[in-house]
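Notes for the one structure printed next.
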Amino acid sequence: MSLARIRWREVLARFGLVMALAALVLILSLLSDRFLTSSNVINVLRQISINAIIAFGMTVVIIGRGIDLSVGSLLALTGVVGASLAVAGLPASVAIAGALALGTCMGVFNGAFVAYAGIAPFIVTLAGLTIFRGMALAITDGRPVSGLPPAFMTIGYGNFLGLPVPIWIMLGFLVLTHLILRYTALGRAVYAIGGNEEAARLSGIPVRRTILFTFAYSGLAASLAAMVLTGRLNSAQPSAGAMFELDAIAAVVVGGTSLFGGRGGVFGTLVGALIIGVINNGMNLLNVPSFYQQIVKGGVILAALLIERLAATRRA
Amino acid sequence: MALLTMTGMTKRFGNVVALDDVDFELEAGEVHALVGENGAGKSTLMKVLAGVQPPDEGATVLAGESVRFASVTEAQAHGVVMVYQELALVPSLSVAENLFLGSIPRLVDYRALYARARELLEQVELRIEPEQEVALLSIGEKQLVEIARALAREGRILVLDEPTAALSATETDRLFDIINKVKAQGVSVVYISHRLEEVFRIADRVTVLRDGRRVGTCTLAETSAEDIVRLMVGKAVRRYTRPQRQGAGELGRFQVGGGGLEPTTITLRAGEVVGLAGVIGSGRERVLPTAFGLHGTARWQGRPVRSPREAIRQGIVLVPSDRKTQGLVLALTVQENVSLATLERLQRLGFMQLAREREQALHWIERLSLRPPEPAKPVHELSGGNQQKVVIAKALATEPKVLLLDEPTRGVDVGARAELYDVIDDLSARGLGLLMSSSDTEELLGLSDHILVFRHGRVITELHPPFAYEEVVAHVTGAHQMA
């Protein structure tokens, strides 16, 4: 009796997200003839690139049963530091490398408190959220950093093989993250720890080092996103990235990664970021006032979690 | 007339008969011990009494009134209170709040609450402040708070399930004083224990269960410990012996200790299964986690073992007692679980060699006849016995010299159990050294080359084949020391 039904359930579990995205695209292309044009599609992809990059790092943390609330502030800090280094006369490549290294170090800072001091990730990264913001404001005295070398313009506005550079950076980071999660021992350790930390420890997996890595990777992701944003704005704002952590977490959970750890992946996160991006874009095209857009976005997040909850009850 | 009479109690779980037509009587002001091996039905009988599970058949008469408890609350309203082995207190609340949990009025008058709490604590001779947070108490103190809570609910019948498992000798003495005191007030106590010397110290009568049946009720003044052991074990004298292995050299030595386990040295030979016997709280349950570097201090061949990682590097691996919380990552597949302890070996330049990983999984699936033989199957879809095989496969993939087996067949059905025994035999034949800790006497007898019996945190005796079932039970329960 249940063969057909089980198949349906599997199909829904595996492709439900993509189907939801397809349905959204279909509806919006019927409602607005400007939606499904190549320029608008590229536009949506470029708009989501910053959130998606942050969310890929966040995915790694959340699979390991953590959370990183500090990414928005860290984006601002690494953005202004990278820009300041470039303005001070260092070659753009060195300035960017410096910003990425700083982001990774700050991630290690978060991770050390979580893994070695045993403090809840929520609390540690909440502290990080205010510390990094404060540092960004202190360094710049609250003023934006501008007068950047042209290399940053290339990151923000350049094209390569017909696609904007931010999209290439997003896709490259997607592939890198996917490779780490699915094909390395390190990635496997992240899934194991998120799924059952005790069993991972008893299997001899270096639990602390692995947790440290997840936060470092999230820090790297935030600083990479900072470079893209700085390029787009052609300046670095110490106030940038406020609430970005929430958009990133939303993309992760809408993308089907479990907040309880151990399940999920980075392609789901891409689809999650696309769903949120498409909804934003569609509502803009349809002239929905931005206040209502926020309500709709929140509703989508709740709906996604509700579906995950129902799927989890089925599994058990 | 008896305060409580249970007749014809029967309880089935699927095909398993946990209780088979059991009668039980309890007098007012009596301490009545309930003994039997694991799985004999002691806890099930008491759960039926306390309203945790309804019986399939049987009648209960309490103080002349026919009763049938549908819930714990209902049983408590009739004065039947169970004091659980796993302590059921809220650690973050105060002692007083715990004492009256569930019966605190909407507006709390703290002064009255504390005054009443102080009275109750005096009754159990516990000199702690009612304002104190429960989390800060010792296990013994928590146990006494639970008994005070039972008294607060005006219990006429207290059920104590293995109350001394985690208590020190002085705490046990104190508990017994209090049991005698409440008994003098007319309260009846059902005392479940594996420790016969305690049963003789505290109880008036004893009921022995075996395989879900009552096999006897005796007055302790007219009974010897040997009689009780004979009842627990059954009439047929069973002897067990394994074919002796010749010329096996010494593999190494464990020195373990800490946390209720006195410094103990265990020598292990290649191809040998050393069984560890003892009740919970005897120190037996600490030996394997300690040897694996989880707590306490451990040395193997003189070298310290401070973490599971170090243990695995030295060729020691543990199959933990609880596969769901300690053994498996349920969200991962069979293949991924099998390789958890060998990730470093299965990678090159950081990348998993997925073909080799699959080969490894297939190898162990075949060796251990794992069903279904699909490496990509999510492990949570497997039966208990096959999940246990996955945990064993993960351990064996590290190519250990020493395998630590903690309750290897807990929650595994009979068929899979026999298969696991074959696996254990095969491993010892291949020259592994095995340490097996188990609360299943039958299992220890059937598989061990010799058995170390633990009591009070140390090895009290070492038994060699041929083993007599009675002898092991007598040592474990302490009956032997009393003769």
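For the structure tokens, the naming scheme is as follows: chains receive sequential letters (A, B, ...) according to their order of presentation, residues are indexed from 1 within each chain, and ligands are indexed from 1 in presentation order.
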
Can you check which parts of chain B lie within 7 Å of chain A? Per residue, the shortest pair of atoms and distance in Å to one decimal, counting only C-alpha atoms, sorted by chain and number, as CSV.
residue,atom,partner,partner_atom,distance
B:Pro308,CA,A:Gly204,CA,5.4
B:Arg309,CA,A:Gly204,CA,4.1
B:Ile312,CA,A:Gly204,CA,6.8
B:Thr325,CA,A:Ala199,CA,6.7
B:Gln326,CA,A:Ala199,CA,4.4
B:Gly327,CA,A:Ala199,CA,5.0
B:Leu328,CA,A:Ala199,CA,5.8
B:Val329,CA,A:Asn196,CA,5.3
B:Leu330,CA,A:Gly195,CA,7.0
B:Ala331,CA,A:Gly195,CA,6.1
B:Leu340,CA,A:Ser203,CA,6.0
B:Ala341,CA,A:Ser203,CA,4.5
B:Leu343,CA,A:Ala185,CA,5.7
B:Glu344,CA,A:Ala185,CA,6.9
B:Gln347,CA,A:Ala185,CA,6.4
B:Gly350,CA,A:Thr184,CA,5.4
B:Phe351,CA,A:Thr184,CA,4.1
B:Met352,CA,A:Thr184,CA,4.9

Export of prior selection with C-alpha atoms as a short mmCIF file (atom, residue, chain, number, x, y, z; two decimals), in the first residue's frame:
data_model
loop_
_atom_site.label_atom_id
_atom_site.label_comp_id
_atom_site.auth_asym_id
_atom_site.auth_seq_id
_atom_site.Cartn_x
_atom_site.Cartn_y
_atom_site.Cartn_z
CA PRO B 308 40.06 7.77 23.95
CA ARG B 309 42.40 9.08 21.26
CA ILE B 312 43.08 3.91 20.30
CA THR B 325 24.30 7.76 23.10
CA GLN B 326 27.93 6.64 23.01
CA GLY B 327 28.42 4.31 20.07
CA LEU B 328 26.65 5.56 16.99
CA VAL B 329 25.98 8.74 15.07
CA LEU B 330 22.40 7.88 14.15
CA ALA B 331 22.20 10.48 11.37
CA LEU B 340 34.46 6.97 12.46
CA ALA B 341 37.45 5.68 14.42
CA LEU B 343 39.13 8.59 9.53
CA GLU B 344 42.82 9.34 9.69
CA GLN B 347 42.33 9.82 4.09
CA GLY B 350 42.89 15.30 3.94
CA PHE B 351 40.55 13.75 1.40
CA MET B 352 38.54 10.66 2.29
#

> Excluding same-chain residues fewer than 5 positions from stretch 208-222 of chain A, what lies within 8 Å of it counting only C-alpha atoms, as a PyMOL selection string?
Replying inline: chain A and resi 53-54+56-58+60-61+64+68+71-72+74-75+100-101+103-108+110-112+114-116+186+189-190

Determine which residues of stretch 165-358 of chain B DSSP labels as strand (DSSP E) from the backbone of this structure, then write them out as a PyMOL selection string.
chain B and resi 188-192+205-210+213-219+239-240+250-257+264-269+273-277+297-300+303-304+316-319+347-348+351-352

Restricting the calculation to only C-alpha atoms: of A:Asp33, A:Ala86, A:Gly172, A:Phe122, which residue gets closest to A:Leu286?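 Result for the nearest residue to A:Leu286: A:Asp33.
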
Residue nearest A:Ile42 among A:Val175, A:Leu163, A:Ile307, A:Leu233 (counting only C-alpha atoms)
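The closest residue to A:Ile42 is A:Leu163.
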
Check your understanding: What does the distance between atom CA of B:Phe454 and atom CA of B:Gly275 come to in Å, to one decimal place?
Key ->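 So the answer is 10.7 Å.
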
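Closest approach to B:Val67 among B:Asn337, B:Gln388, B:Thr5, B:Ser448: B:Thr5, based on only C-alpha atoms.
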
To test your reading of the structure, identify every residue in stretch 111-199 of chain B that backbone DSSP assigns to helix (DSSP H, G or I), and report it as a PyMOL selection string.
chain B and resi 111-123+134-136+139-152+169-184+196-199

> Which is closer to A:Gly98 than all the others in A:Ser223, A:Thr130, A:Ser146, A:Thr37, using only C-alpha atoms?
Replying inline: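 Of A:Ser223, A:Thr130, A:Ser146, A:Thr37, the one nearest A:Gly98, counting only C-alpha atoms, is A:Ser223.
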
(request) Write out as a PyMOL selection string each polymer residue whose atoms come within 8 Å of A:Tyr157, counting only C-alpha atoms; drop sequence neighbours fewer than 2 positions from it. (result) chain A and resi 153-155+159+164-166+231-232

Please, could you write that set of residues out with N, CA and C atoms as a PDB file, in the first residue's frame?
ATOM      1  N   MET A 153      37.245  47.586  -7.080  1.00  0.00           N
ATOM      2  CA  MET A 153      36.183  47.793  -8.072  1.00  0.00           C
ATOM      3  C   MET A 153      35.998  46.527  -8.908  1.00  0.00           C
ATOM      4  N   THR A 154      37.134  45.842  -9.231  1.00  0.00           N
ATOM      5  CA  THR A 154      37.059  44.627 -10.036  1.00  0.00           C
ATOM      6  C   THR A 154      36.260  43.552  -9.297  1.00  0.00           C
ATOM      7  N   ILE A 155      36.531  43.435  -7.956  1.00  0.00           N
ATOM      8  CA  ILE A 155      35.791  42.436  -7.181  1.00  0.00           C
ATOM      9  C   ILE A 155      34.305  42.755  -7.211  1.00  0.00           C
ATOM     10  N   ASN A 159      33.527  41.528 -14.581  1.00  0.00           N
ATOM     11  CA  ASN A 159      32.845  40.406 -15.206  1.00  0.00           C
ATOM     12  C   ASN A 159      33.862  39.383 -15.649  1.00  0.00           C
ATOM     13  N   PRO A 164      29.154  38.272 -13.311  1.00  0.00           N
ATOM     14  CA  PRO A 164      29.832  39.178 -12.370  1.00  0.00           C
ATOM     15  C   PRO A 164      30.752  38.419 -11.428  1.00  0.00           C
ATOM     16  N   VAL A 165      31.872  39.046 -11.040  1.00  0.00           N
ATOM     17  CA  VAL A 165      32.854  38.414 -10.160  1.00  0.00           C
ATOM     18  C   VAL A 165      32.243  37.940  -8.829  1.00  0.00           C
ATOM     19  N   PRO A 166      31.351  38.718  -8.160  1.00  0.00           N
ATOM     20  CA  PRO A 166      30.783  38.218  -6.889  1.00  0.00           C
ATOM     21  C   PRO A 166      30.125  36.848  -7.039  1.00  0.00           C
ATOM     22  N   GLY A 231      33.906  45.892  -2.274  1.00  0.00           N
ATOM     23  CA  GLY A 231      34.019  46.133  -3.709  1.00  0.00           C
ATOM     24  C   GLY A 231      32.735  46.733  -4.286  1.00  0.00           C
ATOM     25  N   ARG A 232      31.581  46.207  -3.848  1.00  0.00           N
ATOM     26  CA  ARG A 232      30.300  46.712  -4.356  1.00  0.00           C
ATOM     27  C   ARG A 232      30.112  48.177  -3.975  1.00  0.00           C
TER      28      ARG A 232
END

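Separating atom CA of A:Thr78 from atom CA of A:Thr140 is a distance of 11.8 Å.
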
Nearby residues (only C-alpha atoms) at most 6 Å from stretch 128-143 of chain B, same-chain spacing under 5 positions excluded, as a PDB file with N, CA and C atoms, in the first residue's frame:
ATOM      1  N   PRO B  91      17.545  19.661  39.849  1.00  0.00           N
ATOM      2  CA  PRO B  91      18.784  20.129  40.474  1.00  0.00           C
ATOM      3  C   PRO B  91      18.817  21.633  40.741  1.00  0.00           C
ATOM      4  N   LEU B  93      16.463  23.658  41.669  1.00  0.00           N
ATOM      5  CA  LEU B  93      15.553  24.177  42.692  1.00  0.00           C
ATOM      6  C   LEU B  93      16.087  23.868  44.087  1.00  0.00           C
ATOM      7  N   SER B  94      15.516  24.529  45.089  1.00  0.00           N
ATOM      8  CA  SER B  94      15.964  24.310  46.460  1.00  0.00           C
ATOM      9  C   SER B  94      15.438  22.984  46.977  1.00  0.00           C
ATOM     10  N   VAL B  95      16.012  22.550  48.090  1.00  0.00           N
ATOM     11  CA  VAL B  95      15.575  21.313  48.734  1.00  0.00           C
ATOM     12  C   VAL B  95      14.086  21.402  49.057  1.00  0.00           C
ATOM     13  N   ALA B  96      13.671  22.534  49.658  1.00  0.00           N
ATOM     14  CA  ALA B  96      12.266  22.680  50.054  1.00  0.00           C
ATOM     15  C   ALA B  96      11.349  22.615  48.831  1.00  0.00           C
ATOM     16  N   TYR B 114       9.611  26.472  54.315  1.00  0.00           N
ATOM     17  CA  TYR B 114      10.892  26.087  54.890  1.00  0.00           C
ATOM     18  C   TYR B 114      10.710  25.402  56.237  1.00  0.00           C
ATOM     19  N   LEU B 167      25.836   4.837  47.119  1.00  0.00           N
ATOM     20  CA  LEU B 167      26.093   5.367  48.458  1.00  0.00           C
ATOM     21  C   LEU B 167      27.385   4.814  49.049  1.00  0.00           C
ATOM     22  N   GLU B 171      26.884   6.459  54.421  1.00  0.00           N
ATOM     23  CA  GLU B 171      25.582   6.889  53.918  1.00  0.00           C
ATOM     24  C   GLU B 171      24.592   5.732  53.952  1.00  0.00           C
TER      25      GLU B 171
END

Write out, as JSON lines, each residue of stretch 147-180 of chain B that has an atom at most 12 Å from stretch 46-59 of chain B, together with the closest pair of atoms and their distance in Å to one decimal, counting only C-alpha atoms, rows going by chain and rising number.
{"residue": "B:Gly155", "atom": "CA", "partner": "B:Ala50", "partner_atom": "CA", "distance": 11.5}
{"residue": "B:Ile157", "atom": "CA", "partner": "B:Ala50", "partner_atom": "CA", "distance": 9.6}
{"residue": "B:Leu158", "atom": "CA", "partner": "B:Ala50", "partner_atom": "CA", "distance": 9.6}
{"residue": "B:Val159", "atom": "CA", "partner": "B:Met46", "partner_atom": "CA", "distance": 7.4}
{"residue": "B:Leu160", "atom": "CA", "partner": "B:Met46", "partner_atom": "CA", "distance": 9.5}
{"residue": "B:Asp161", "atom": "CA", "partner": "B:Met46", "partner_atom": "CA", "distance": 8.8}

For the residues in the current selection, export N, CA and C atoms as a short mmCIF file (atom, residue, chain, number, x, y, z; two decimals), in the first residue's frame.
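Result file is again-v3.cif:
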data_model
loop_
_atom_site.label_atom_id
_atom_site.label_comp_id
_atom_site.auth_asym_id
_atom_site.auth_seq_id
_atom_site.Cartn_x
_atom_site.Cartn_y
_atom_site.Cartn_z
N GLY B 155 3.48 8.80 52.44
CA GLY B 155 3.57 7.45 51.90
C GLY B 155 3.34 6.40 52.99
N ILE B 157 3.57 3.13 51.77
CA ILE B 157 4.43 2.10 51.20
C ILE B 157 5.53 2.80 50.40
N LEU B 158 6.78 2.62 50.80
CA LEU B 158 7.90 3.18 50.05
C LEU B 158 8.55 2.05 49.26
N VAL B 159 8.81 2.31 47.99
CA VAL B 159 9.52 1.33 47.18
C VAL B 159 10.91 1.89 46.90
N LEU B 160 11.94 1.22 47.39
CA LEU B 160 13.32 1.67 47.16
C LEU B 160 13.98 0.73 46.16
N ASP B 161 14.38 1.27 45.02
CA ASP B 161 14.98 0.45 43.95
C ASP B 161 16.49 0.64 43.98
#

Atom CA of B:Val22 to atom CA of B:Gly212 measures 7.6 Å

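Closest approach to B:Arg284 among B:Asp177, B:Glu407, B:Glu197, B:Asp20 is made by B:Glu407 (distances from only C-alpha atoms).
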
Note to self: So that I can check the surroundings of B:Ala429, please list as a list in words every protein, DNA and RNA residue that reaches within 10 Å of it, counting only C-alpha atoms and ignoring chain neighbours fewer than 4 positions away.
What the structure shows: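 Contacts, in chain order: Arg245, Ala270, Gly271, Glu272, Val423, Ile424, Asp425 and Gly433 of chain B.
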
Please produce an output containing C-alpha atoms for each residue in the selection, written as a PDB file, in the first residue's frame.
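Contents of out-v7.pdb, as written:
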ATOM      1  CA  ARG B 245      43.708 -22.020  24.906  1.00  0.00           C
ATOM      2  CA  ALA B 270      46.421 -12.843  24.004  1.00  0.00           C
ATOM      3  CA  GLY B 271      43.291 -14.745  23.035  1.00  0.00           C
ATOM      4  CA  GLU B 272      41.777 -14.439  26.466  1.00  0.00           C
ATOM      5  CA  VAL B 423      32.025 -12.981  17.034  1.00  0.00           C
ATOM      6  CA  ILE B 424      33.601 -12.698  20.492  1.00  0.00           C
ATOM      7  CA  ASP B 425      34.805 -16.326  20.301  1.00  0.00           C
ATOM      8  CA  GLY B 433      42.715  -9.687  24.397  1.00  0.00           C
TER       9      GLY B 433
END

*Return the single residue from A:Arg46, A:Ala76, A:Leu171, A:Leu102 that is closest to A:Gly156, with distances computed using only C-alpha atoms.*
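Of A:Arg46, A:Ala76, A:Leu171, A:Leu102, the one nearest A:Gly156 is A:Arg46, counting only C-alpha atoms.
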